[in-house]
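Heads up, start39.csv below (CSV, C-alpha atoms and all ligand atoms):
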```
chain,number,residue,atom,x,y,z
Y,8,MET,CA,5.1,19.0,8.1
Y,9,ASP,CA,3.0,16.5,6.1
Y,10,LEU,CA,4.8,13.3,5.1
Y,11,ILE,CA,2.9,13.2,1.8
Y,12,ARG,CA,1.9,16.3,-0.1
Y,13,ILE,CA,0.0,16.0,-3.4
Y,14,ARG,CA,-0.4,19.2,-5.3
Y,15,LYS,CA,-2.5,19.7,-8.4
Y,16,VAL,CA,-1.8,16.2,-9.6
Y,17,LYS,CA,-3.2,15.1,-12.9
Y,18,LYS,CA,-2.8,11.8,-14.6
Y,19,VAL,CA,-3.6,11.2,-18.2
Y,20,TYR,CA,-2.7,7.8,-19.5
Y,21,LYS,CA,-1.4,7.4,-23.0
Y,22,SER,CA,-4.8,6.0,-24.1
Y,23,GLY,CA,-6.2,9.5,-23.4
Y,24,VAL,CA,-8.0,8.5,-20.2
Y,25,THR,CA,-7.7,11.1,-17.4
Y,26,ALA,CA,-7.6,9.0,-14.2
Y,27,ILE,CA,-6.8,11.8,-11.8
Y,28,HIS,CA,-7.9,15.5,-12.1
Y,29,ASN,CA,-5.9,18.3,-10.3
Y,30,LEU,CA,-5.9,16.4,-7.0
Y,31,ASP,CA,-4.7,17.9,-3.7
Y,32,LEU,CA,-4.1,15.8,-0.6
Y,33,ASN,CA,-2.0,15.8,2.5
Y,34,ILE,CA,-1.2,12.9,4.7
Y,35,LYS,CA,0.6,13.2,8.0
Y,36,LYS,CA,3.2,10.9,9.4
Y,37,GLY,CA,1.7,8.0,11.4
Y,38,GLU,CA,-1.8,8.3,9.8
Y,39,PHE,CA,-3.9,5.4,8.7
Y,40,VAL,CA,-5.9,6.4,5.6
Y,41,PHE,CA,-8.4,4.5,3.6
Y,42,ILE,CA,-9.0,5.3,0.0
Y,43,ILE,CA,-12.4,4.3,-1.3
Y,44,GLY,CA,-14.6,4.9,-4.4
Y,45,PRO,CA,-16.2,3.2,-7.3
Y,46,THR,CA,-14.3,1.0,-9.7
Y,47,GLY,CA,-12.2,3.0,-12.2
Y,48,CYS,CA,-12.3,6.2,-10.0
Y,49,GLY,CA,-8.5,6.3,-9.9
Y,50,LYS,CA,-7.6,4.7,-6.5
Y,51,SER,CA,-4.8,2.5,-7.8
Y,52,THR,CA,-3.5,5.2,-10.1
Y,53,LEU,CA,-3.2,7.6,-7.2
Y,54,ILE,CA,-1.3,5.2,-5.0
Y,55,LYS,CA,0.9,4.0,-7.8
Y,56,MET,CA,2.1,7.6,-8.3
Y,57,LEU,CA,3.3,7.6,-4.6
Y,58,TYR,CA,6.0,4.9,-5.3
Y,59,ARG,CA,6.5,5.9,-8.9
Y,60,GLY,CA,4.7,3.0,-10.3
Y,61,GLU,CA,3.2,5.7,-12.5
Y,62,LYS,CA,4.4,9.3,-13.1
Y,63,PRO,CA,1.9,12.2,-12.8
Y,64,SER,CA,1.3,14.1,-16.0
Y,65,ASN,CA,1.1,17.4,-14.0
Y,66,GLY,CA,1.6,18.6,-10.5
Y,67,ASN,CA,3.8,17.4,-7.6
Y,68,ILE,CA,3.9,14.4,-5.3
Y,69,ILE,CA,6.2,15.1,-2.4
Y,70,VAL,CA,7.0,12.2,-0.2
Y,71,GLY,CA,9.3,12.9,2.8
Y,72,GLY,CA,10.6,15.9,0.9
Y,73,ILE,CA,11.3,14.1,-2.4
Y,74,ASP,CA,9.4,15.1,-5.5
Y,75,VAL,CA,8.6,11.6,-6.6
Y,76,GLY,CA,7.4,12.5,-10.1
Y,77,LYS,CA,10.6,14.4,-10.8
Y,78,LEU,CA,13.1,11.8,-9.7
Y,79,ARG,CA,15.4,10.5,-12.4
Y,80,ASN,CA,15.0,6.8,-13.2
Y,81,GLY,CA,18.3,6.0,-11.6
Y,82,LYS,CA,17.1,7.5,-8.3
Y,83,VAL,CA,13.8,5.8,-8.0
Y,84,TYR,CA,15.3,3.4,-5.5
Y,85,LYS,CA,15.3,6.3,-3.0
Y,86,ILE,CA,11.6,6.3,-2.8
Y,87,ARG,CA,11.1,2.5,-3.2
Y,88,ARG,CA,13.1,2.0,0.0
Y,89,ARG,CA,10.8,4.2,2.0
Y,90,ILE,CA,7.6,2.6,0.8
Y,91,GLY,CA,6.4,-1.0,1.1
Y,92,VAL,CA,3.6,-2.2,-1.1
Y,93,VAL,CA,1.0,-5.0,-0.7
Y,94,PHE,CA,-1.4,-6.2,-3.4
Y,95,GLN,CA,-4.6,-8.1,-3.5
Y,96,ASP,CA,-3.0,-11.1,-5.2
Y,97,PHE,CA,0.0,-11.4,-2.8
Y,98,LYS,CA,2.6,-11.7,-5.6
Y,99,LEU,CA,4.9,-14.2,-3.7
Y,100,LEU,CA,7.6,-16.2,-5.3
Y,101,ASN,CA,6.1,-19.6,-5.4
Y,102,LYS,CA,9.3,-21.6,-5.6
Y,103,SER,CA,10.8,-19.8,-2.6
Y,104,THR,CA,10.0,-20.5,1.1
Y,105,VAL,CA,8.4,-17.9,3.4
Y,106,TYR,CA,11.8,-17.0,4.7
Y,107,GLU,CA,13.3,-16.5,1.2
Y,108,ASN,CA,10.3,-14.5,0.1
Y,109,VAL,CA,10.8,-12.0,2.9
Y,110,ALA,CA,14.6,-12.1,2.8
Y,111,PHE,CA,14.8,-11.4,-1.0
Y,112,ALA,CA,14.5,-7.6,-0.9
Y,113,LEU,CA,17.3,-7.4,1.7
Y,114,GLU,CA,19.6,-9.8,-0.2
Y,115,VAL,CA,19.2,-7.5,-3.2
Y,116,LEU,CA,20.4,-4.6,-1.0
Y,117,GLY,CA,23.5,-6.7,-0.1
Y,118,LEU,CA,22.9,-6.6,3.7
Y,119,PRO,CA,25.0,-9.0,5.8
Y,120,ARG,CA,23.5,-12.5,6.4
Y,121,ALA,CA,23.0,-12.0,10.2
Y,122,GLU,CA,21.2,-8.7,9.7
Y,123,ILE,CA,19.0,-10.2,7.1
Y,124,HIS,CA,18.2,-13.1,9.4
Y,125,SER,CA,17.2,-10.9,12.4
Y,126,LYS,CA,15.1,-8.5,10.2
Y,127,VAL,CA,13.3,-11.4,8.5
Y,128,ILE,CA,12.5,-13.1,11.8
Y,129,LYS,CA,11.3,-9.8,13.3
Y,130,ALA,CA,9.0,-9.1,10.4
Y,131,LEU,CA,7.6,-12.6,10.4
Y,132,GLU,CA,7.1,-12.4,14.2
Y,133,LEU,CA,5.1,-9.2,13.7
Y,134,VAL,CA,2.7,-10.8,11.3
Y,135,GLY,CA,2.5,-14.0,13.4
Y,136,LEU,CA,4.2,-16.4,11.0
Y,137,LYS,CA,7.6,-17.1,12.5
Y,138,HIS,CA,6.7,-20.8,12.8
Y,139,LYS,CA,6.2,-21.1,9.0
Y,140,VAL,CA,9.6,-19.9,7.8
Y,141,LYS,CA,10.2,-23.2,5.9
Y,142,GLN,CA,6.8,-23.5,4.2
Y,143,TYR,CA,6.2,-22.7,0.6
Y,144,PRO,CA,3.3,-20.3,-0.5
Y,145,HIS,CA,1.1,-23.2,-1.8
Y,146,GLU,CA,1.3,-24.7,1.7
Y,147,LEU,CA,-0.3,-21.6,3.3
Y,148,SER,CA,-3.8,-20.2,3.5
Y,149,GLY,CA,-4.7,-17.0,1.7
Y,150,GLY,CA,-4.5,-15.0,4.9
Y,151,GLU,CA,-1.1,-16.5,5.7
Y,152,GLN,CA,0.1,-15.7,2.2
Y,153,GLN,CA,-1.0,-12.1,2.6
Y,154,ARG,CA,0.9,-12.0,6.0
Y,155,VAL,CA,4.0,-13.1,4.2
Y,156,ALA,CA,3.5,-10.3,1.6
Y,157,ILE,CA,3.1,-7.8,4.5
Y,158,ALA,CA,6.2,-9.1,6.2
Y,159,ARG,CA,8.1,-8.7,2.9
Y,160,ALA,CA,6.8,-5.1,2.5
Y,161,ILE,CA,7.8,-4.0,6.0
Y,162,VAL,CA,11.1,-6.0,6.5
Y,163,ASN,CA,13.3,-3.0,5.7
Y,164,GLY,CA,11.4,-0.6,7.9
Y,165,PRO,CA,9.6,1.6,5.3
Y,166,LYS,CA,8.0,4.9,6.5
Y,167,ILE,CA,4.9,4.2,4.4
Y,168,LEU,CA,3.0,1.0,3.7
Y,169,ILE,CA,0.6,1.1,0.7
Y,170,CYS,CA,-2.0,-1.6,0.4
Y,171,ASP,CA,-4.1,-2.0,-2.7
Y,172,GLU,CA,-7.2,-4.1,-1.7
Y,173,PRO,CA,-5.1,-6.4,0.6
Y,174,THR,CA,-8.3,-8.2,1.8
Y,175,GLY,CA,-9.9,-8.4,-1.7
Y,176,ASN,CA,-9.3,-12.2,-2.0
Y,177,LEU,CA,-10.0,-13.0,1.7
Y,178,ASP,CA,-13.0,-14.0,3.7
Y,179,ASP,CA,-14.4,-11.8,6.5
Y,180,ASN,CA,-12.6,-13.4,9.4
Y,181,THR,CA,-9.3,-13.5,7.6
Y,182,SER,CA,-9.7,-9.9,6.5
Y,183,GLN,CA,-10.2,-8.9,10.1
Y,184,GLU,CA,-7.0,-10.7,11.1
Y,185,ILE,CA,-5.1,-8.9,8.3
Y,186,MET,CA,-6.6,-5.5,9.6
Y,187,MET,CA,-5.3,-6.3,13.1
Y,188,VAL,CA,-1.8,-6.9,11.7
Y,189,LEU,CA,-2.0,-3.6,9.7
Y,190,GLU,CA,-3.2,-1.7,12.8
Y,191,GLU,CA,-0.3,-3.1,14.8
Y,192,ILE,CA,2.2,-2.0,12.1
Y,193,ASN,CA,0.6,1.5,12.1
Y,194,LYS,CA,0.9,1.7,15.9
Y,195,LEU,CA,4.6,1.0,15.6
Y,196,GLY,CA,4.8,4.2,13.5
Y,197,THR,CA,4.4,3.3,9.9
Y,198,THR,CA,2.0,5.5,7.9
Y,199,ILE,CA,-0.6,3.3,6.1
Y,200,ILE,CA,-2.6,4.0,3.0
Y,201,MET,CA,-5.1,1.3,2.1
Y,202,VAL,CA,-7.4,1.1,-0.9
Y,203,THR,CA,-10.5,-1.0,-0.3
Y,204,HIS,CA,-14.0,-1.7,-1.5
Y,205,ASP,CA,-15.0,-3.1,1.9
Y,206,THR,CA,-17.1,-0.5,3.8
Y,207,GLU,CA,-17.5,-2.8,6.7
Y,208,ILE,CA,-13.8,-2.8,7.3
Y,209,VAL,CA,-13.7,0.9,6.9
Y,210,ASN,CA,-16.4,1.5,9.5
Y,211,ARG,CA,-15.0,-1.0,11.9
Y,212,MET,CA,-11.5,0.7,11.9
Y,213,LYS,CA,-12.9,4.3,12.0
Y,214,LYS,CA,-9.8,5.9,10.5
Y,215,ARG,CA,-9.6,8.8,8.0
Y,216,VAL,CA,-11.4,7.9,4.8
Y,217,ILE,CA,-10.8,9.6,1.4
Y,218,LEU,CA,-13.6,9.1,-1.1
Y,219,LEU,CA,-12.6,9.4,-4.8
Y,220,ASP,CA,-15.0,9.7,-7.7
Y,221,SER,CA,-13.9,10.2,-11.4
Y,222,GLY,CA,-10.3,11.1,-10.3
Y,223,ARG,CA,-11.3,13.7,-7.7
Y,224,VAL,CA,-11.5,13.7,-3.9
Y,225,ILE,CA,-15.2,14.2,-3.2
Y,226,LYS,CA,-15.1,13.6,0.6
Y,227,ASP,CA,-12.5,13.4,3.3
Y,228,TYR,CA,-14.0,11.8,6.4
Y,229,PRO,CA,-11.9,12.5,9.6
Y,230,GLU,CA,-11.0,9.7,11.9
Y,231,GLY,CA,-13.8,8.4,14.0
Y,232,THR,CA,-16.7,9.0,11.5
Y,233,TYR,CA,-19.0,6.5,9.7
Y,234,VAL,CA,-19.0,6.2,6.0
Y,235,ASN,CA,-22.3,5.5,4.1
Y,236,GLU,CA,-21.0,4.8,0.6
Y,237,VAL,CA,-21.2,1.2,-0.6
Y,238,PHE,CA,-19.7,0.2,-4.0
Y,301,LIG,N1,-2.2,1.6,-17.6
Y,301,LIG,C1,-3.3,2.2,-17.9
Y,301,LIG,N2,-3.5,2.7,-19.2
Y,301,LIG,C2,-4.6,3.3,-19.5
Y,301,LIG,N3,-5.6,3.5,-18.7
Y,301,LIG,C3,-5.5,3.1,-17.4
Y,301,LIG,C4,-4.4,2.4,-17.0
Y,301,LIG,N4,-4.6,2.0,-15.7
Y,301,LIG,C5,-5.8,2.5,-15.4
Y,301,LIG,N5,-6.4,3.1,-16.4
Y,301,LIG,C6,-7.7,3.8,-16.4
Y,301,LIG,O1,-7.7,4.8,-15.5
Y,301,LIG,C7,-8.9,4.9,-14.7
Y,301,LIG,C8,-8.6,4.7,-13.3
Y,301,LIG,O2,-8.1,3.3,-13.1
Y,301,LIG,P1,-7.6,2.8,-11.7
Y,301,LIG,O3,-7.0,1.5,-11.9
Y,301,LIG,O4,-6.8,3.8,-11.0
Y,301,LIG,O5,-9.0,2.6,-10.9
Y,301,LIG,P2,-9.4,2.0,-9.5
Y,301,LIG,O6,-10.1,3.0,-8.7
Y,301,LIG,O7,-8.2,1.4,-8.9
Y,301,LIG,O8,-10.4,0.8,-9.9
Y,301,LIG,P3,-10.7,-0.6,-9.2
Y,301,LIG,O9,-11.5,-0.3,-8.0
Y,301,LIG,O10,-11.5,-1.3,-10.3
Y,301,LIG,O11,-9.4,-1.2,-8.9
Y,301,LIG,C9,-9.8,3.8,-15.4
Y,301,LIG,O12,-10.6,4.5,-16.3
Y,301,LIG,C10,-8.8,2.9,-16.0
Y,301,LIG,O13,-9.4,2.2,-17.1
Y,302,MG,MG,-7.6,-0.5,-8.3
```
Could you take the file, read its structure, and then write that structure out as structure tokens?
Amino acid sequence: MDLIRIRKVKKVYKSGVTAIHNLDLNIKKGEFVFIIGPTGCGKSTLIKMLYRGEKPSNGNIIVGGIDVGKLRNGKVYKIRRRIGVVFQDFKLLNKSTVYENVAFALEVLGLPRAEIHSKVIKALELVGLKHKVKQYPHELSGGEQQRVAIARAIVNGPKILICDEPTGNLDDNTSQEIMMVLEEINKLGTTIIMVTHDTEIVNRMKKRVILLDSGRVIKDYPEGTYVNEVF
């Protein structure tokens, strides 16, 4: 069964803008999927609805059997625990160390100290930053800050990792390094959905690519194909 099933989803913002039109999409467990398309086409809106950052106006978003749009507010944590999110601007706590940034989400859950420690070290090892646990974000490069954000997103073993333009602020070499980290995380079993404007990255990775335009899926390229669109 598909891990994510999107059925006839429509999103109309309060302003009256329709960002997503009756969209259908399935994503399987373990897939790596790029979402591309021109600015304003609804990419961020679509992925926000997966973790209930926004609610669909119509239709169903089923993630691992849970109808995300229908969850009561008090139950939203159920979906947030299954999905890690990474943004273009890292969103780190600037007054906290690398270790503290990654540990924070686990402390909120009230996990025992020793378990937090081993999970944080494992996540930082995976992104190649174990040696920087005591540094503060301003002491790191952009690529390193994004690695911390990725470690924080995966520290509790989410089933899905959502990335909204994770390389948008990084140079080409650093972007490639981040993509290698994401590929490694995907190989370990996490489903990855990544929004990007970078066609070069998309064509280097050769994963499934979903092209949106005006809130609709207009192409769904299977893994292994080249994409011609440039935005
Ligand atoms: N909170 C909001 N309230 C009202 N309209 C919104 C809101 N967020 C997005 N929109 C509108 O919905 C449409 C889709 O926006 P969205 O942010 O999903 O696009 P995007 O594809 O992620 O664009 P970009 O590539 O620039 O990030 C746009 O017309 C945008 O102006
Ligand atoms: Mg966006």
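Neighbours of ligand MG 302 (chain Y) at a cut-off of 9 Å, computed so that all atoms listed in the file are counted, are the residues Thr46, Gly47, Cys48, Gly49, Lys50, Ser51, Thr52, Asp171, Glu172, Val202 and Thr203 of chain Y.
Within the 12 Å cut-off around Val140 (chain Y), using only C-alpha atoms and omitting residues fewer than 4 positions from it on the same chain, the listed residues are Y:Ser103, Y:Thr104, Y:Val105, Y:Tyr106, Y:Glu107, Y:Asn108, Y:Val109, Y:Ala110, Y:His124, Y:Val127, Y:Ile128, Y:Lys129, Y:Ala130, Y:Leu131, Y:Glu132, Y:Val134, Y:Gly135, Y:Leu136, Y:Pro144, Y:Glu146, Y:Leu147, Y:Glu151, Y:Gln152, Y:Arg154, Y:Val155, Y:Ala158.
From atom O4 of ligand LIG 301 (chain Y) back to CA of Lys36 (chain Y), the distance works out to 23.8 Å.
Ranking Y:Ile199, Y:Pro165, Y:His204, Y:Gln153 by their shortest atom-to-atom distance to Ile185 (chain Y), with only C-alpha atoms included, puts Y:Gln153 first.
Minimum distance to Phe97 (chain Y) across Y:Lys126, Y:Phe39, Y:Ser64, Y:Arg159 (counting only C-alpha atoms) occurs at Y:Arg159.
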Which residues are near ligand LIG 301 (chain Y) in this structure, taking near to mean any atom at most 12 Å from a ligand atom and counting all atoms listed in the file? Format them as a PyMOL selection string. chain Y and resi 17-28+42-56+60-62+94-95+170-173+175+201-205+218-224+238
What is the CA of Glu230 (chain Y)-CA of Thr174 (chain Y) distance in Å, reported with one decimal? 20.7 Å
Output region 59-91 of chain Y as an mmCIF file, keeping the file's coordinate frame, making sure N, CA and C atoms are there.
```
data_model
loop_
_atom_site.group_PDB
_atom_site.id
_atom_site.type_symbol
_atom_site.label_atom_id
_atom_site.label_comp_id
_atom_site.auth_asym_id
_atom_site.auth_seq_id
_atom_site.Cartn_x
_atom_site.Cartn_y
_atom_site.Cartn_z
ATOM 1 N N ARG Y 59 6.048 5.788 -7.544
ATOM 2 C CA ARG Y 59 6.500 5.900 -8.900
ATOM 3 C C ARG Y 59 6.291 4.693 -9.761
ATOM 4 N N GLY Y 60 5.158 4.032 -9.436
ATOM 5 C CA GLY Y 60 4.700 3.000 -10.300
ATOM 6 C C GLY Y 60 4.108 3.643 -11.578
ATOM 7 N N GLU Y 61 3.655 4.888 -11.426
ATOM 8 C CA GLU Y 61 3.200 5.700 -12.500
ATOM 9 C C GLU Y 61 3.754 7.148 -12.241
ATOM 10 N N LYS Y 62 3.929 7.938 -13.304
ATOM 11 C CA LYS Y 62 4.400 9.300 -13.100
ATOM 12 C C LYS Y 62 3.141 10.237 -13.320
ATOM 13 N N PRO Y 63 3.015 11.295 -12.497
ATOM 14 C CA PRO Y 63 1.900 12.200 -12.800
ATOM 15 C C PRO Y 63 2.177 12.971 -14.080
ATOM 16 N N SER Y 64 1.108 13.362 -14.773
ATOM 17 C CA SER Y 64 1.300 14.100 -16.000
ATOM 18 C C SER Y 64 1.526 15.603 -15.658
ATOM 19 N N ASN Y 65 0.952 16.042 -14.517
ATOM 20 C CA ASN Y 65 1.100 17.400 -14.000
ATOM 21 C C ASN Y 65 1.130 17.394 -12.507
ATOM 22 N N GLY Y 66 1.710 18.422 -11.910
ATOM 23 C CA GLY Y 66 1.600 18.600 -10.500
ATOM 24 C C GLY Y 66 2.788 17.886 -9.747
ATOM 25 N N ASN Y 67 2.718 17.941 -8.414
ATOM 26 C CA ASN Y 67 3.800 17.400 -7.600
ATOM 27 C C ASN Y 67 3.328 16.430 -6.561
ATOM 28 N N ILE Y 68 4.144 15.383 -6.396
ATOM 29 C CA ILE Y 68 3.900 14.400 -5.300
ATOM 30 C C ILE Y 68 5.144 14.417 -4.465
ATOM 31 N N ILE Y 69 5.023 15.013 -3.267
ATOM 32 C CA ILE Y 69 6.200 15.100 -2.400
ATOM 33 C C ILE Y 69 6.067 14.116 -1.279
ATOM 34 N N VAL Y 70 6.990 13.185 -1.219
ATOM 35 C CA VAL Y 70 7.000 12.200 -0.200
ATOM 36 C C VAL Y 70 8.259 12.333 0.644
ATOM 37 N N GLY Y 71 8.098 12.728 1.913
ATOM 38 C CA GLY Y 71 9.300 12.900 2.800
ATOM 39 C C GLY Y 71 10.268 13.895 2.133
ATOM 40 N N GLY Y 72 9.765 14.936 1.485
ATOM 41 C CA GLY Y 72 10.600 15.900 0.900
ATOM 42 C C GLY Y 72 11.132 15.635 -0.510
ATOM 43 N N ILE Y 73 10.847 14.429 -1.002
ATOM 44 C CA ILE Y 73 11.300 14.100 -2.400
ATOM 45 C C ILE Y 73 10.133 14.273 -3.341
ATOM 46 N N ASP Y 74 10.397 14.959 -4.441
ATOM 47 C CA ASP Y 74 9.400 15.100 -5.500
ATOM 48 C C ASP Y 74 9.430 13.870 -6.371
ATOM 49 N N VAL Y 75 8.527 12.920 -6.050
ATOM 50 C CA VAL Y 75 8.600 11.600 -6.600
ATOM 51 C C VAL Y 75 8.472 11.583 -8.155
ATOM 52 N N GLY Y 76 7.602 12.431 -8.670
ATOM 53 C CA GLY Y 76 7.400 12.500 -10.100
ATOM 54 C C GLY Y 76 8.593 12.994 -10.874
ATOM 55 N N LYS Y 77 9.433 13.768 -10.170
ATOM 56 C CA LYS Y 77 10.600 14.400 -10.800
ATOM 57 C C LYS Y 77 11.880 13.618 -10.665
ATOM 58 N N LEU Y 78 11.831 12.544 -9.868
ATOM 59 C CA LEU Y 78 13.100 11.800 -9.700
ATOM 60 C C LEU Y 78 13.543 11.169 -10.974
ATOM 61 N N ARG Y 79 14.854 11.199 -11.171
ATOM 62 C CA ARG Y 79 15.400 10.500 -12.400
ATOM 63 C C ARG Y 79 15.273 9.036 -12.185
ATOM 64 N N ASN Y 80 15.178 8.282 -13.284
ATOM 65 C CA ASN Y 80 15.000 6.800 -13.200
ATOM 66 C C ASN Y 80 16.009 6.161 -12.296
ATOM 67 N N GLY Y 81 17.240 6.623 -12.385
ATOM 68 C CA GLY Y 81 18.300 6.000 -11.600
ATOM 69 C C GLY Y 81 18.193 6.302 -10.092
ATOM 70 N N LYS Y 82 17.292 7.184 -9.713
ATOM 71 C CA LYS Y 82 17.100 7.500 -8.300
ATOM 72 C C LYS Y 82 15.833 7.019 -7.693
ATOM 73 N N VAL Y 83 15.083 6.288 -8.482
ATOM 74 C CA VAL Y 83 13.800 5.800 -8.000
ATOM 75 C C VAL Y 83 13.916 4.923 -6.767
ATOM 76 N N TYR Y 84 15.055 4.234 -6.649
ATOM 77 C CA TYR Y 84 15.300 3.400 -5.500
ATOM 78 C C TYR Y 84 15.128 4.169 -4.161
ATOM 79 N N LYS Y 85 15.427 5.479 -4.211
ATOM 80 C CA LYS Y 85 15.300 6.300 -3.000
ATOM 81 C C LYS Y 85 13.938 6.292 -2.423
ATOM 82 N N ILE Y 86 12.950 6.306 -3.306
ATOM 83 C CA ILE Y 86 11.600 6.300 -2.800
ATOM 84 C C ILE Y 86 11.100 4.885 -2.556
ATOM 85 N N ARG Y 87 11.546 3.935 -3.374
ATOM 86 C CA ARG Y 87 11.100 2.500 -3.200
ATOM 87 C C ARG Y 87 11.548 1.995 -1.833
ATOM 88 N N ARG Y 88 12.660 2.503 -1.319
ATOM 89 C CA ARG Y 88 13.100 2.000 0.000
ATOM 90 C C ARG Y 88 12.296 2.566 1.143
ATOM 91 N N ARG Y 89 11.587 3.627 0.880
ATOM 92 C CA ARG Y 89 10.800 4.200 2.000
ATOM 93 C C ARG Y 89 9.348 3.708 1.967
ATOM 94 N N ILE Y 90 8.961 3.017 0.901
ATOM 95 C CA ILE Y 90 7.600 2.600 0.800
ATOM 96 C C ILE Y 90 7.458 1.115 0.514
ATOM 97 N N GLY Y 91 6.681 0.431 1.357
ATOM 98 C CA GLY Y 91 6.400 -1.000 1.100
ATOM 99 C C GLY Y 91 5.019 -1.063 0.450
#
```
